[in-house]
Each structure stands twice: as C-alpha cells, then as structure tokens.
file model32.cif (mmCIF, C-alpha atoms)
data_work
loop_
_atom_site.label_atom_id
_atom_site.label_comp_id
_atom_site.auth_asym_id
_atom_site.auth_seq_id
_atom_site.Cartn_x
_atom_site.Cartn_y
_atom_site.Cartn_z
CA MET V 9 244.50 127.26 -18.30
CA ARG V 10 247.53 129.43 -18.84
CA VAL V 11 248.06 131.77 -15.88
CA VAL V 12 250.55 134.62 -15.49
CA VAL V 13 251.25 135.70 -11.90
CA ALA V 14 252.92 138.95 -10.86
CA LEU V 15 254.33 138.55 -7.36
CA GLY V 16 255.04 141.74 -5.43
CA GLY V 17 258.59 142.48 -4.30
CA ASN V 18 257.29 143.27 -0.82
CA ALA V 19 256.04 139.69 -0.55
CA LEU V 20 259.70 138.67 -0.71
CA MET V 21 261.08 141.36 1.56
CA GLN V 22 258.26 142.71 3.70
CA ARG V 23 258.20 146.08 5.43
CA GLY V 24 260.30 145.88 8.57
CA ASP V 25 262.32 142.88 7.36
CA LYS V 26 266.07 143.07 7.55
CA PRO V 27 267.55 142.56 4.07
CA ASP V 28 269.17 139.27 5.12
CA ALA V 29 269.26 136.61 2.42
CA GLU V 30 267.82 133.92 4.69
CA ILE V 31 264.80 136.05 5.59
CA GLN V 32 264.07 136.74 1.95
CA ARG V 33 264.63 133.11 1.01
CA ALA V 34 262.16 132.01 3.69
CA ASN V 35 259.63 134.49 2.29
CA VAL V 36 260.11 133.00 -1.18
CA GLN V 37 259.47 129.52 0.19
CA THR V 38 256.26 130.78 1.81
CA ALA V 39 255.20 132.32 -1.50
CA VAL V 40 255.90 129.11 -3.39
CA ARG V 41 253.75 127.08 -1.00
CA SER V 42 250.83 129.23 -2.13
CA LEU V 43 251.77 129.09 -5.82
CA ALA V 44 252.49 125.35 -6.08
CA PRO V 45 248.78 124.34 -6.25
CA LEU V 46 248.37 126.69 -9.24
CA ALA V 47 251.27 125.01 -11.00
CA GLU V 48 249.76 121.58 -10.35
CA ARG V 49 246.52 122.56 -12.11
CA HIS V 50 247.59 125.05 -14.77
CA GLU V 51 250.36 126.28 -17.04
CA LEU V 52 252.12 128.85 -14.86
CA ILE V 53 254.40 131.80 -15.60
CA ILE V 54 255.66 133.69 -12.53
CA THR V 55 257.03 137.21 -12.56
CA HIS V 56 258.22 138.97 -9.43
CA GLY V 57 259.09 142.38 -8.07
CA ASN V 58 262.57 143.44 -6.99
CA GLY V 59 262.14 147.02 -5.77
CA PRO V 60 263.28 146.42 -2.17
CA GLN V 61 266.19 144.26 -3.29
CA VAL V 62 267.35 146.75 -5.94
CA GLY V 63 267.38 149.48 -3.33
CA VAL V 64 269.46 147.42 -0.90
CA LEU V 65 272.07 146.46 -3.52
CA ALA V 66 272.20 150.00 -4.90
CA LEU V 67 272.95 151.35 -1.43
CA GLU V 68 275.63 148.71 -0.88
CA SER V 69 277.16 149.61 -4.24
CA ILE V 70 277.23 153.31 -3.41
CA ASN V 71 278.97 152.64 -0.09
CA ASP V 72 281.50 150.10 -1.37
CA PRO V 73 284.95 151.77 -1.13
CA ASN V 74 286.38 149.28 -3.63
CA LEU V 75 284.21 150.57 -6.47
CA SER V 76 285.24 153.61 -8.49
CA ARG V 77 281.54 154.11 -9.32
CA PRO V 78 278.32 152.34 -8.24
CA TYR V 79 276.87 149.55 -10.36
CA PRO V 80 274.15 150.88 -12.72
CA LEU V 81 270.50 149.98 -12.13
CA ASP V 82 270.26 147.62 -15.13
CA THR V 83 273.15 145.55 -13.72
CA ILE V 84 271.64 145.55 -10.24
CA GLY V 85 268.34 144.50 -11.82
CA ALA V 86 270.13 141.54 -13.38
CA GLU V 87 271.69 140.66 -10.01
CA THR V 88 268.31 140.63 -8.28
CA GLN V 89 266.71 138.65 -11.10
CA GLY V 90 269.35 135.97 -10.69
CA MET V 91 269.16 135.98 -6.90
CA ILE V 92 265.38 135.84 -6.55
CA GLY V 93 265.03 133.59 -9.58
CA TYR V 94 267.41 131.08 -8.02
CA TRP V 95 265.46 131.05 -4.75
CA MET V 96 262.18 130.57 -6.60
CA LEU V 97 263.61 127.94 -8.93
CA GLN V 98 264.84 125.80 -6.07
CA ALA V 99 261.70 126.25 -3.96
CA LEU V 100 259.46 125.33 -6.91
CA GLN V 101 261.58 122.27 -7.76
CA ASN V 102 261.29 121.11 -4.17
CA ALA V 103 257.54 121.76 -4.08
CA LEU V 104 256.86 120.17 -7.48
CA PRO V 105 259.05 117.04 -7.73
CA GLY V 106 259.29 115.77 -11.29
CA ARG V 107 258.05 119.04 -12.82
CA GLN V 108 260.39 121.04 -15.01
CA VAL V 109 261.07 124.58 -13.73
CA LEU V 110 263.01 127.29 -15.55
CA SER V 111 264.26 130.63 -14.23
CA LEU V 112 265.36 133.20 -16.80
CA VAL V 113 267.45 136.34 -16.52
CA ASN V 114 265.92 138.42 -19.28
CA GLN V 115 265.63 141.89 -20.79
CA THR V 116 262.69 144.20 -21.48
CA LEU V 117 262.83 146.72 -24.30
CA VAL V 118 261.89 150.34 -23.55
CA SER V 119 261.98 153.52 -25.61
CA ALA V 120 265.09 155.67 -25.29
CA VAL V 121 262.87 158.77 -25.42
CA ASP V 122 260.28 157.63 -22.87
CA PRO V 123 259.26 160.72 -20.82
CA ALA V 124 259.59 158.66 -17.61
CA PHE V 125 263.34 159.26 -17.73
CA GLU V 126 262.60 162.91 -16.87
CA ASP V 127 260.03 162.11 -14.13
CA PRO V 128 261.13 159.35 -11.68
CA THR V 129 258.16 157.64 -10.00
CA LYS V 130 259.13 154.01 -9.30
CA PHE V 131 259.75 153.18 -5.62
CA VAL V 132 262.85 151.10 -4.91
CA GLY V 133 264.65 150.12 -1.75
CA GLN V 134 263.82 150.29 1.90
CA VAL V 135 261.48 152.75 3.58
CA TYR V 136 262.88 155.73 5.49
CA THR V 137 261.68 158.58 7.62
CA ARG V 138 261.44 161.87 5.78
CA GLU V 139 264.62 163.10 7.45
CA GLU V 140 266.56 159.97 6.43
CA ALA V 141 265.27 160.11 2.85
CA GLU V 142 266.17 163.78 2.46
CA LYS V 143 269.64 163.06 3.85
CA PHE V 144 270.23 160.28 1.28
CA ALA V 145 268.80 162.46 -1.49
CA LYS V 146 271.37 165.14 -0.66
CA GLU V 147 274.27 162.71 -0.30
CA TYR V 148 273.59 160.50 -3.32
CA GLY V 149 271.56 162.70 -5.65
CA TRP V 150 268.47 160.53 -5.26
CA SER V 151 264.91 161.55 -6.02
CA VAL V 152 262.66 160.69 -3.04
CA ARG V 153 258.90 160.72 -2.49
CA PRO V 154 256.44 159.75 0.26
CA ASP V 155 255.16 156.17 0.23
CA GLY V 156 252.33 155.97 2.75
CA ASP V 157 253.70 156.81 6.18
CA TYR V 158 257.30 156.52 4.95
CA TRP V 159 259.62 157.89 2.28
CA ARG V 160 261.50 155.97 -0.43
CA ARG V 161 263.82 156.49 -3.35
CA VAL V 162 262.17 156.83 -6.79
CA VAL V 163 263.78 156.07 -10.17
CA PRO V 164 262.63 156.31 -13.82
CA SER V 165 260.06 153.70 -14.83
CA PRO V 166 259.64 153.65 -18.63
CA GLN V 167 256.84 151.73 -20.34
CA PRO V 168 257.74 148.16 -21.37
CA GLN V 169 257.63 147.50 -25.11
CA ARG V 170 258.54 143.80 -25.34
CA VAL V 171 260.25 141.09 -23.33
CA ILE V 172 263.22 140.24 -25.55
CA GLU V 173 263.13 136.52 -24.70
CA THR V 174 259.35 136.07 -25.26
CA ARG V 175 259.77 133.29 -27.83
CA LEU V 176 261.94 131.24 -25.46
CA ILE V 177 259.37 131.65 -22.68
CA ARG V 178 256.55 130.54 -24.99
CA GLN V 179 258.48 127.45 -26.06
CA ALA V 180 259.14 126.47 -22.44
CA VAL V 181 255.50 126.94 -21.39
CA ARG V 182 254.32 124.74 -24.26
CA THR V 183 256.37 121.85 -22.84
CA GLY V 184 254.67 122.17 -19.44
CA THR V 185 257.59 123.96 -17.80
CA VAL V 186 256.89 126.37 -14.94
CA VAL V 187 258.69 129.57 -15.93
CA VAL V 188 260.05 132.29 -13.62
CA CYS V 189 260.88 135.35 -15.72
CA ALA V 190 260.69 139.13 -16.15
CA GLY V 191 261.82 139.68 -12.57
CA GLY V 192 261.50 143.32 -11.59
CA GLY V 193 259.84 144.00 -14.95
CA GLY V 194 262.92 142.76 -16.78
CA ILE V 195 266.34 144.34 -17.22
CA PRO V 196 265.63 147.66 -18.96
CA VAL V 197 267.30 147.94 -22.37
CA ILE V 198 267.02 150.20 -25.41
CA ARG V 199 268.06 149.89 -29.04
CA ASN V 200 270.98 152.27 -29.48
CA ASP V 201 271.84 154.27 -32.60
CA VAL V 202 273.24 151.19 -34.35
CA GLY V 203 270.36 148.93 -33.32
CA GLN V 204 272.15 147.04 -30.57
CA LEU V 205 270.70 146.37 -27.13
CA GLU V 206 272.02 148.56 -24.33
CA GLY V 207 271.09 148.75 -20.65
CA VAL V 208 269.66 151.94 -19.13
CA GLU V 209 269.31 153.40 -15.63
CA ALA V 210 265.70 152.54 -14.78
CA VAL V 211 263.40 150.02 -13.11
CA ILE V 212 260.39 148.89 -15.14
CA ASP V 213 257.09 148.36 -13.36
CA LYS V 214 256.81 144.60 -13.05
CA ASP V 215 253.00 144.61 -13.20
CA LEU V 216 252.96 146.38 -16.57
CA THR V 217 255.58 143.98 -17.96
CA ALA V 218 253.65 141.01 -16.59
CA ALA V 219 250.42 142.24 -18.20
CA MET V 220 252.17 142.72 -21.54
CA LEU V 221 253.71 139.26 -21.26
CA ALA V 222 250.34 137.72 -20.33
CA GLU V 223 248.78 139.27 -23.43
CA THR V 224 251.63 138.15 -25.70
CA LEU V 225 251.56 134.59 -24.32
CA GLU V 226 247.74 134.47 -24.69
CA ALA V 227 247.20 133.76 -21.00
CA ASP V 228 243.67 132.94 -19.82
CA ALA V 229 244.16 134.78 -16.53
CA PHE V 230 246.51 137.39 -15.11
CA LEU V 231 246.91 137.65 -11.32
CA ILE V 232 248.69 140.36 -9.34
CA LEU V 233 249.34 138.86 -5.91
CA THR V 234 250.14 141.20 -3.03
CA ASP V 235 249.75 141.48 0.74
CA VAL V 236 246.21 142.97 0.55
CA PRO V 237 242.99 140.99 -0.06
CA ASN V 238 241.30 143.52 -2.37
CA VAL V 239 241.58 146.83 -4.11
CA VAL V 240 239.86 149.30 -1.78
CA ARG V 241 237.64 152.14 -2.91
CA GLY V 242 238.28 155.24 -0.77
CA TYR V 243 241.32 153.73 0.92
CA GLY V 244 242.16 155.43 4.22
CA THR V 245 238.78 157.13 4.53
CA PRO V 246 235.70 156.27 6.62
CA GLN V 247 234.01 155.28 3.36
CA ALA V 248 236.64 152.65 2.51
CA GLU V 249 235.09 149.67 0.71
CA PRO V 250 236.70 146.56 -0.81
CA ILE V 251 236.00 146.03 -4.50
CA GLY V 252 234.96 142.52 -5.55
CA HIS V 253 233.91 141.83 -9.15
CA THR V 254 234.31 144.84 -11.42
CA THR V 255 235.10 146.01 -14.96
CA PRO V 256 237.97 148.07 -16.38
CA PHE V 257 235.58 150.97 -16.95
CA GLU V 258 234.42 150.96 -13.33
CA LEU V 259 237.93 150.52 -11.95
CA ARG V 260 239.40 153.30 -14.07
CA SER V 261 236.66 155.61 -12.76
CA GLU V 262 238.18 155.41 -9.28
CA GLU V 263 241.27 157.28 -8.03
CA PHE V 264 244.29 155.35 -6.79
CA PRO V 265 247.84 156.37 -5.75
CA ALA V 266 250.06 156.72 -8.81
CA GLY V 267 253.13 155.16 -7.19
CA SER V 268 251.62 152.02 -5.67
CA MET V 269 248.14 150.75 -6.60
CA GLY V 270 247.87 152.90 -9.74
CA PRO V 271 250.19 150.78 -11.94
CA LYS V 272 248.44 147.60 -10.78
CA ILE V 273 245.08 149.05 -11.86
CA ASP V 274 246.53 150.05 -15.23
CA ALA V 275 248.01 146.58 -15.69
CA VAL V 276 244.88 144.55 -14.95
CA CYS V 277 242.58 146.91 -16.84
CA GLY V 278 244.86 146.98 -19.87
CA PHE V 279 245.04 143.18 -19.99
CA VAL V 280 241.26 142.77 -19.77
CA GLU V 281 240.56 145.52 -22.31
CA LYS V 282 242.97 144.03 -24.86
CA THR V 283 242.13 140.34 -24.39
CA GLY V 284 238.63 140.09 -22.93
CA ASP V 285 240.01 137.64 -20.37
CA MET V 286 240.20 137.79 -16.57
CA ALA V 287 242.64 139.65 -14.35
CA ALA V 288 242.66 140.06 -10.58
CA ILE V 289 244.43 141.68 -7.63
CA GLY V 290 244.49 139.94 -4.27
CA LYS V 291 246.44 138.16 -1.52
CA LEU V 292 249.10 135.66 -2.38
CA ASP V 293 247.78 133.01 0.00
CA GLN V 294 244.33 133.22 -1.65
CA CYS V 295 245.48 132.65 -5.23
CA ILE V 296 243.34 129.54 -5.76
CA GLU V 297 240.25 131.31 -4.41
CA ILE V 298 241.03 134.33 -6.59
CA LEU V 299 241.22 132.22 -9.72
CA ASP V 300 237.89 130.63 -8.76
CA GLY V 301 236.35 134.10 -8.40
CA ALA V 302 235.78 133.73 -4.66
CA ALA V 303 238.37 136.25 -3.39
CA GLY V 304 240.26 139.33 -4.47
CA THR V 305 239.27 142.06 -6.90
CA ILE V 306 238.20 140.29 -10.10
CA VAL V 307 238.30 142.33 -13.31
CA THR V 308 236.47 141.10 -16.42
CA PRO V 309 234.66 142.80 -19.32
CA ASN V 310 231.23 142.21 -17.72
CA ALA V 311 232.13 141.85 -14.00
CA THR V 312 231.50 138.08 -13.94
CA TRP V 313 233.92 135.15 -13.86
CA PRO V 314 233.02 131.43 -14.02
CA LEU V 315 234.82 128.98 -11.79
CA ALA V 316 238.18 128.12 -13.27
CA SER V 317 237.34 124.41 -12.89
CA THR V 318 234.60 124.77 -15.51
CA LEU V 319 236.94 126.14 -18.20
#

call {"tool": "encode", "arguments": {"input": "model32.cif", "output": "structure tokens"}}
result
Amino acid sequence: MRVVVALGGNALMQRGDKPDAEIQRANVQTAVRSLAPLAERHELIITHGNGPQVGVLALESINDPNLSRPYPLDTIGAETQGMIGYWMLQALQNALPGRQVLSLVNQTLVSAVDPAFEDPTKFVGQVYTREEAEKFAKEYGWSVRPDGDYWRRVVPSPQPQRVIETRLIRQAVRTGTVVVCAGGGGIPVIRNDVGQLEGVEAVIDKDLTAAMLAETLEADAFLILTDVPNVVRGYGTPQAEPIGHTTPFELRSEEFPAGSMGPKIDAVCGFVEKTGDMAAIGKLDQCIEILDGAAGTIVTPNATWPLASTL
C-alpha cells in the first residue's frame, strides 16, 4: 500500500515543551519509532507540521537586533522544513538501516488572490495567556485568537493548489524511498505577474496539503496522526463521544473548531470524497492499529475498512 501520513507539529514540540532543539529532536525520534513499522510494510510519504517552530523562529527574528527587518514567513517555513526534515531523515535512516530515505525542502503553490490573506486563521508559535498575546499583538502587529484555554498568533492560511515538486516525490516513492516532504504544508509561493515563483507571507495548513498530495500520488490511505485517539463528537460537553468508523457525509454534519480540528476534518473528508479510499485521524503511537481499522476515527465512503493486511 501507499500511505501518506500528516504528522502534527505539536507532536514534535508539545504544549509546555521548551523550544530547545534537543527536546524537539527527541520528540522526532519518538515519532519515528511509531512510524518505522509503517515504512517496513508500505510505501510511506511523511508530511509534518511546523506551526510551533515557525512561531519560535519568527519571535527570535523579530527580537534580533542585528536584523533590519524580520525574516518573512516563507523563509522561516523553509528553515523549519530543513530543520525538522533533517531530524526525521536521520531518525528514519537509523530506524530503517539499508532503506533509502529522502527529505525535501519544497514549495506549495497558492493563489495570490486567496481570501485567506485578508482573514488570518492559522495558529503558529507558542501558547500564551490572553494578556501576553494581546501585548505581543500590540508590539508586533500580530493577529491573535483563542486556542482552547490559551491564546496564539494567527497568520493567513491560503488553500494549497499544488506541491511544486510532486513529480520528484512520485519518482522517489516508486523506487521504494521513504519521503519526508511538504513540511508545514510546504513553503507558500505564488506565480507573480511574469509567471515566476515568489514566496508569500503565510503558513499553509499541512493537513490540506497532505490530503492534496495523497490524492495526486494515488495513495491508498491518508492518516492524520495527532496526540488524540479519536475525533470527538460534542467535545468538551457531557455528551462527548469518540467517533469510530464514519463517512464524509456524517463527519461533515458535525461541528468542529475552525482553527484546530476543522481543517483535519476537511482534509480527510476531501480525500475520501475524491478518491473513494480510506483516511483516518488518530494517535501517532497507534498508527498500525489505525491502518488496520482497529483504532482512531476511520473515514471511508461506506464506514467500513478491511484490514490492511488483506489488501
């Protein structure tokens, strides 16, 4: 099987973690221990989030007295792609001796007139109290919004149109290479007025890019791996209930937060609707069980999924 995995940025820098490189690197190694069995059995393409890391580097850039202006978000996105991609590349090579592993720094095309540029919604960076967030918003011109019990910076998140390096990724996968790509949704670029690629100030939702990439690469399964075991109906209420096997129609009938679970729901539902294949949301350390249909929220056209071993 060909499997595309979208790994959440918070799995690499969890809430409460200090943004130290060694802490994040250890988290990557933990993630890879869960992903390695997938790579042993299937063709595997791994994408990853970078929201927390982008926020940390953006704040460092703003406060660096040696810079005349902060680095733009597309450049910081490239930095985090390289950083996290390197950690994942090395951890995968160590976990899968003899297997070829490739980590790409790559771009994702967006529309220059996407309305998201006028309505920032994508969370990046660390969490803050409301008072801290409002202070940074005033000092740095940020847009901030509540994220659960905390507050975070939000930036534009335009819809992905195409991963520019898709053909290279497909060629690598066909040779049996494990590919790490589209980190943070890919570096956001547009076609300018003369048709050349140009970076823009945005962060693309990595789940939507991963779903688009899974469709383009004709993946058999698309997994969004997080720190929660299931999508929960009525989250935070006395009627809260985990969702097991479901369909895009049923899942879209529920209400989910626009800034967190909402894009994940859109991503898995869109993939299933367009391909008729399986998508799922669940815990990273249960990825094998998720692919076998025994854990997570499994989304298929008819709410059933045979064991992966029978395909």

call {"tool": "resolve_selection", "arguments": {"input": "model32.cif", "expression": "the PyMOL selection byres ((chain V and resi 118) around 9)", "output": "ChimeraX atom specification"}}
result
/V:116-117,119-122,166-170,196-199,212

call {"tool": "closest_residue", "arguments": {"input": "model32.cif", "among": "V:Pro271, V:Pro237, V:Pro60, V:Pro256", "to": "Ala218 in chain V", "atoms": "only C-alpha atoms"}}
result
V:Pro271

call {"tool": "closest_residue", "arguments": {"input": "model32.cif", "among": "V:Arg49, V:Glu87, V:Phe264, V:Gln115", "to": "Gly207 in chain V", "atoms": "all atoms listed in the file"}}
result
V:Gln115

call {"tool": "residues_around", "arguments": {"input": "model32.cif", "residues": "Pro309 in chain V", "least_positions_apart": "2", "cutoff": "9 Å", "atoms": "all atoms listed in the file", "output": "list in words"}}
result
Thr254, Thr255, Pro256, Phe257, Val280, Glu281, Gly284, Asp285, Met286, Val307, Ala311 and Thr312 of chain V

call {"tool": "write_last_selection", "arguments": {"input": "model32.cif", "atoms": "C-alpha atoms", "output": "tab-separated table (two decimals), in the coordinates of the input"}}
result
chain	number	residue	atom	x	y	z
V	254	THR	CA	234.31	144.84	-11.42
V	255	THR	CA	235.10	146.01	-14.96
V	256	PRO	CA	237.97	148.07	-16.38
V	257	PHE	CA	235.58	150.97	-16.95
V	280	VAL	CA	241.26	142.77	-19.77
V	281	GLU	CA	240.56	145.52	-22.31
V	284	GLY	CA	238.63	140.09	-22.93
V	285	ASP	CA	240.01	137.64	-20.37
V	286	MET	CA	240.20	137.79	-16.57
V	307	VAL	CA	238.30	142.33	-13.31
V	311	ALA	CA	232.13	141.85	-14.00
V	312	THR	CA	231.50	138.08	-13.94

call {"tool": "residues_around", "arguments": {"input": "model32.cif", "residues": "Ala66 in chain V", "least_positions_apart": "4", "cutoff": "7 Å", "atoms": "all atoms listed in the file", "output": "PDB file with C-alpha atoms, in the frame of the given file"}}
result
ATOM      1  CA  VAL V  62     267.350 146.750  -5.940  1.00  0.00           C
ATOM      2  CA  ILE V  70     277.230 153.310  -3.410  1.00  0.00           C
ATOM      3  CA  ILE V  84     271.640 145.550 -10.240  1.00  0.00           C
TER       4      ILE V  84
END

call {"tool": "closest_residue", "arguments": {"input": "model32.cif", "among": "V:Ala47, V:Ile31, V:Leu52, V:Val162", "to": "Ala210 in chain V", "atoms": "all atoms listed in the file"}}
result
V:Val162

call {"tool": "resolve_selection", "arguments": {"input": "model32.cif", "expression": "the PyMOL selection byres ((chain V and resi 126-137) around 9)", "output": "ChimeraX atom specification"}}
result
/V:23-24,27,58-67,122-125,138-142,151-153,155,157-165,210-213,266-268

call {"tool": "closest_residue", "arguments": {"input": "model32.cif", "among": "V:Val202, V:Leu233, V:Ala248, V:Ala99", "to": "Gly304 in chain V", "atoms": "all atoms listed in the file"}}
result
V:Leu233

call {"tool": "closest_residue", "arguments": {"input": "model32.cif", "among": "V:Trp95, V:Glu209, V:Ile232, V:Thr38", "to": "Pro78 in chain V", "atoms": "all atoms listed in the file"}}
result
V:Glu209

call {"tool": "atom_distance", "arguments": {"input": "model32.cif", "atom1": "CA of Glu258 in chain V", "atom2": "CA of Asp293 in chain V"}}
result
26.0 Å

call {"tool": "atom_distance", "arguments": {"input": "model32.cif", "atom1": "CA of Gln32 in chain V", "atom2": "CA of Glu206 in chain V"}}
result
29.9 Å

call {"tool": "residues_near_point", "arguments": {"input": "model32.cif", "point": "(253.3, 141.7, -1.9)", "cutoff": "12 Å", "atoms": "only C-alpha atoms", "output": "ChimeraX atom specification"}}
result
/V:13-23,35-36,38-39,56-60,215,232-237,268-269,272,289-293

call {"tool": "resolve_selection", "arguments": {"input": "model32.cif", "expression": "the PyMOL selection byres ((chain V and resi 97) around 8)", "output": "list of chain:residue names"}}
result
V:Gly93, V:Tyr94, V:Trp95, V:Met96, V:Gln98, V:Ala99, V:Leu100, V:Gln101, V:Val109, V:Leu110, V:Ser111, V:Val188

call {"tool": "atom_distance", "arguments": {"input": "model32.cif", "atom1": "CA of Leu112 in chain V", "atom2": "CA of Leu75 in chain V"}}
result
27.6 Å

call {"tool": "build_atoms", "arguments": {"input": "model32.cif", "residues": "range 176-186 of chain V", "atoms": "all heavy atoms", "output": "PDB file, keeping the file's coordinate frame"}}
result
ATOM      1  N   LEU V 176     261.399 132.318 -26.304  1.00  0.00           N
ATOM      2  CA  LEU V 176     261.940 131.240 -25.460  1.00  0.00           C
ATOM      3  C   LEU V 176     260.964 130.881 -24.345  1.00  0.00           C
ATOM      4  O   LEU V 176     260.794 129.707 -24.013  1.00  0.00           O
ATOM      5  CB  LEU V 176     263.282 131.657 -24.883  1.00  0.00           C
ATOM      6  CG  LEU V 176     264.427 131.869 -25.869  1.00  0.00           C
ATOM      7  CD1 LEU V 176     265.653 132.400 -25.136  1.00  0.00           C
ATOM      8  CD2 LEU V 176     264.757 130.565 -26.584  1.00  0.00           C
ATOM      9  N   ILE V 177     260.344 131.889 -23.752  1.00  0.00           N
ATOM     10  CA  ILE V 177     259.370 131.650 -22.680  1.00  0.00           C
ATOM     11  C   ILE V 177     258.188 130.857 -23.222  1.00  0.00           C
ATOM     12  O   ILE V 177     257.733 129.881 -22.597  1.00  0.00           O
ATOM     13  CB  ILE V 177     258.915 132.987 -22.071  1.00  0.00           C
ATOM     14  CG1 ILE V 177     260.085 133.705 -21.401  1.00  0.00           C
ATOM     15  CG2 ILE V 177     257.776 132.760 -21.070  1.00  0.00           C
ATOM     16  CD1 ILE V 177     259.802 135.144 -21.037  1.00  0.00           C
ATOM     17  N   ARG V 178     257.695 131.241 -24.396  1.00  0.00           N
ATOM     18  CA  ARG V 178     256.550 130.540 -24.990  1.00  0.00           C
ATOM     19  C   ARG V 178     256.892 129.073 -25.255  1.00  0.00           C
ATOM     20  O   ARG V 178     256.076 128.175 -24.970  1.00  0.00           O
ATOM     21  CB  ARG V 178     256.124 131.229 -26.279  1.00  0.00           C
ATOM     22  CG  ARG V 178     254.889 130.587 -26.920  1.00  0.00           C
ATOM     23  CD  ARG V 178     254.512 131.236 -28.235  1.00  0.00           C
ATOM     24  NE  ARG V 178     254.016 132.590 -28.034  1.00  0.00           N
ATOM     25  CZ  ARG V 178     254.661 133.690 -28.431  1.00  0.00           C
ATOM     26  NH1 ARG V 178     255.840 133.597 -29.042  1.00  0.00           N
ATOM     27  NH2 ARG V 178     254.132 134.880 -28.231  1.00  0.00           N
ATOM     28  N   GLN V 179     258.072 128.829 -25.782  1.00  0.00           N
ATOM     29  CA  GLN V 179     258.480 127.450 -26.060  1.00  0.00           C
ATOM     30  C   GLN V 179     258.519 126.618 -24.781  1.00  0.00           C
ATOM     31  O   GLN V 179     258.077 125.462 -24.758  1.00  0.00           O
ATOM     32  CB  GLN V 179     259.841 127.427 -26.743  1.00  0.00           C
ATOM     33  CG  GLN V 179     259.836 127.966 -28.164  1.00  0.00           C
ATOM     34  CD  GLN V 179     261.242 128.086 -28.742  1.00  0.00           C
ATOM     35  OE1 GLN V 179     262.206 127.572 -28.179  1.00  0.00           O
ATOM     36  NE2 GLN V 179     261.367 128.782 -29.871  1.00  0.00           N
ATOM     37  N   ALA V 180     259.046 127.198 -23.703  1.00  0.00           N
ATOM     38  CA  ALA V 180     259.140 126.470 -22.440  1.00  0.00           C
ATOM     39  C   ALA V 180     257.758 126.155 -21.877  1.00  0.00           C
ATOM     40  O   ALA V 180     257.496 125.038 -21.403  1.00  0.00           O
ATOM     41  CB  ALA V 180     259.952 127.275 -21.437  1.00  0.00           C
ATOM     42  N   VAL V 181     256.858 127.130 -21.929  1.00  0.00           N
ATOM     43  CA  VAL V 181     255.500 126.940 -21.390  1.00  0.00           C
ATOM     44  C   VAL V 181     254.789 125.820 -22.146  1.00  0.00           C
ATOM     45  O   VAL V 181     254.069 125.013 -21.553  1.00  0.00           O
ATOM     46  CB  VAL V 181     254.706 128.246 -21.452  1.00  0.00           C
ATOM     47  CG1 VAL V 181     253.241 128.007 -21.080  1.00  0.00           C
ATOM     48  CG2 VAL V 181     255.307 129.285 -20.516  1.00  0.00           C
ATOM     49  N   ARG V 182     254.987 125.765 -23.445  1.00  0.00           N
ATOM     50  CA  ARG V 182     254.320 124.740 -24.260  1.00  0.00           C
ATOM     51  C   ARG V 182     254.736 123.323 -23.877  1.00  0.00           C
ATOM     52  O   ARG V 182     254.005 122.369 -24.118  1.00  0.00           O
ATOM     53  CB  ARG V 182     254.614 124.984 -25.741  1.00  0.00           C
ATOM     54  CG  ARG V 182     253.822 126.148 -26.343  1.00  0.00           C
ATOM     55  CD  ARG V 182     254.271 126.428 -27.767  1.00  0.00           C
ATOM     56  NE  ARG V 182     253.456 127.471 -28.388  1.00  0.00           N
ATOM     57  CZ  ARG V 182     253.756 128.072 -29.532  1.00  0.00           C
ATOM     58  NH1 ARG V 182     254.868 127.724 -30.189  1.00  0.00           N
ATOM     59  NH2 ARG V 182     252.967 129.001 -30.024  1.00  0.00           N
ATOM     60  N   THR V 183     255.912 123.179 -23.271  1.00  0.00           N
ATOM     61  CA  THR V 183     256.370 121.850 -22.840  1.00  0.00           C
ATOM     62  C   THR V 183     255.899 121.517 -21.424  1.00  0.00           C
ATOM     63  O   THR V 183     256.262 120.469 -20.897  1.00  0.00           O
ATOM     64  CB  THR V 183     257.900 121.765 -22.892  1.00  0.00           C
ATOM     65  OG1 THR V 183     258.460 122.640 -21.901  1.00  0.00           O
ATOM     66  CG2 THR V 183     258.426 122.147 -24.263  1.00  0.00           C
ATOM     67  N   GLY V 184     255.138 122.408 -20.798  1.00  0.00           N
ATOM     68  CA  GLY V 184     254.670 122.170 -19.440  1.00  0.00           C
ATOM     69  C   GLY V 184     255.606 122.667 -18.365  1.00  0.00           C
ATOM     70  O   GLY V 184     255.412 122.385 -17.175  1.00  0.00           O
ATOM     71  N   THR V 185     256.619 123.435 -18.757  1.00  0.00           N
ATOM     72  CA  THR V 185     257.590 123.960 -17.800  1.00  0.00           C
ATOM     73  C   THR V 185     257.005 125.150 -17.042  1.00  0.00           C
ATOM     74  O   THR V 185     256.360 126.016 -17.635  1.00  0.00           O
ATOM     75  CB  THR V 185     258.862 124.410 -18.536  1.00  0.00           C
ATOM     76  OG1 THR V 185     259.420 123.283 -19.218  1.00  0.00           O
ATOM     77  CG2 THR V 185     259.888 124.985 -17.580  1.00  0.00           C
ATOM     78  N   VAL V 186     257.212 125.180 -15.729  1.00  0.00           N
ATOM     79  CA  VAL V 186     256.890 126.370 -14.940  1.00  0.00           C
ATOM     80  C   VAL V 186     258.018 127.367 -15.152  1.00  0.00           C
ATOM     81  O   VAL V 186     259.189 127.035 -14.959  1.00  0.00           O
ATOM     82  CB  VAL V 186     256.760 126.031 -13.444  1.00  0.00           C
ATOM     83  CG1 VAL V 186     256.467 127.303 -12.634  1.00  0.00           C
ATOM     84  CG2 VAL V 186     255.664 124.991 -13.218  1.00  0.00           C
TER      85      VAL V 186
END
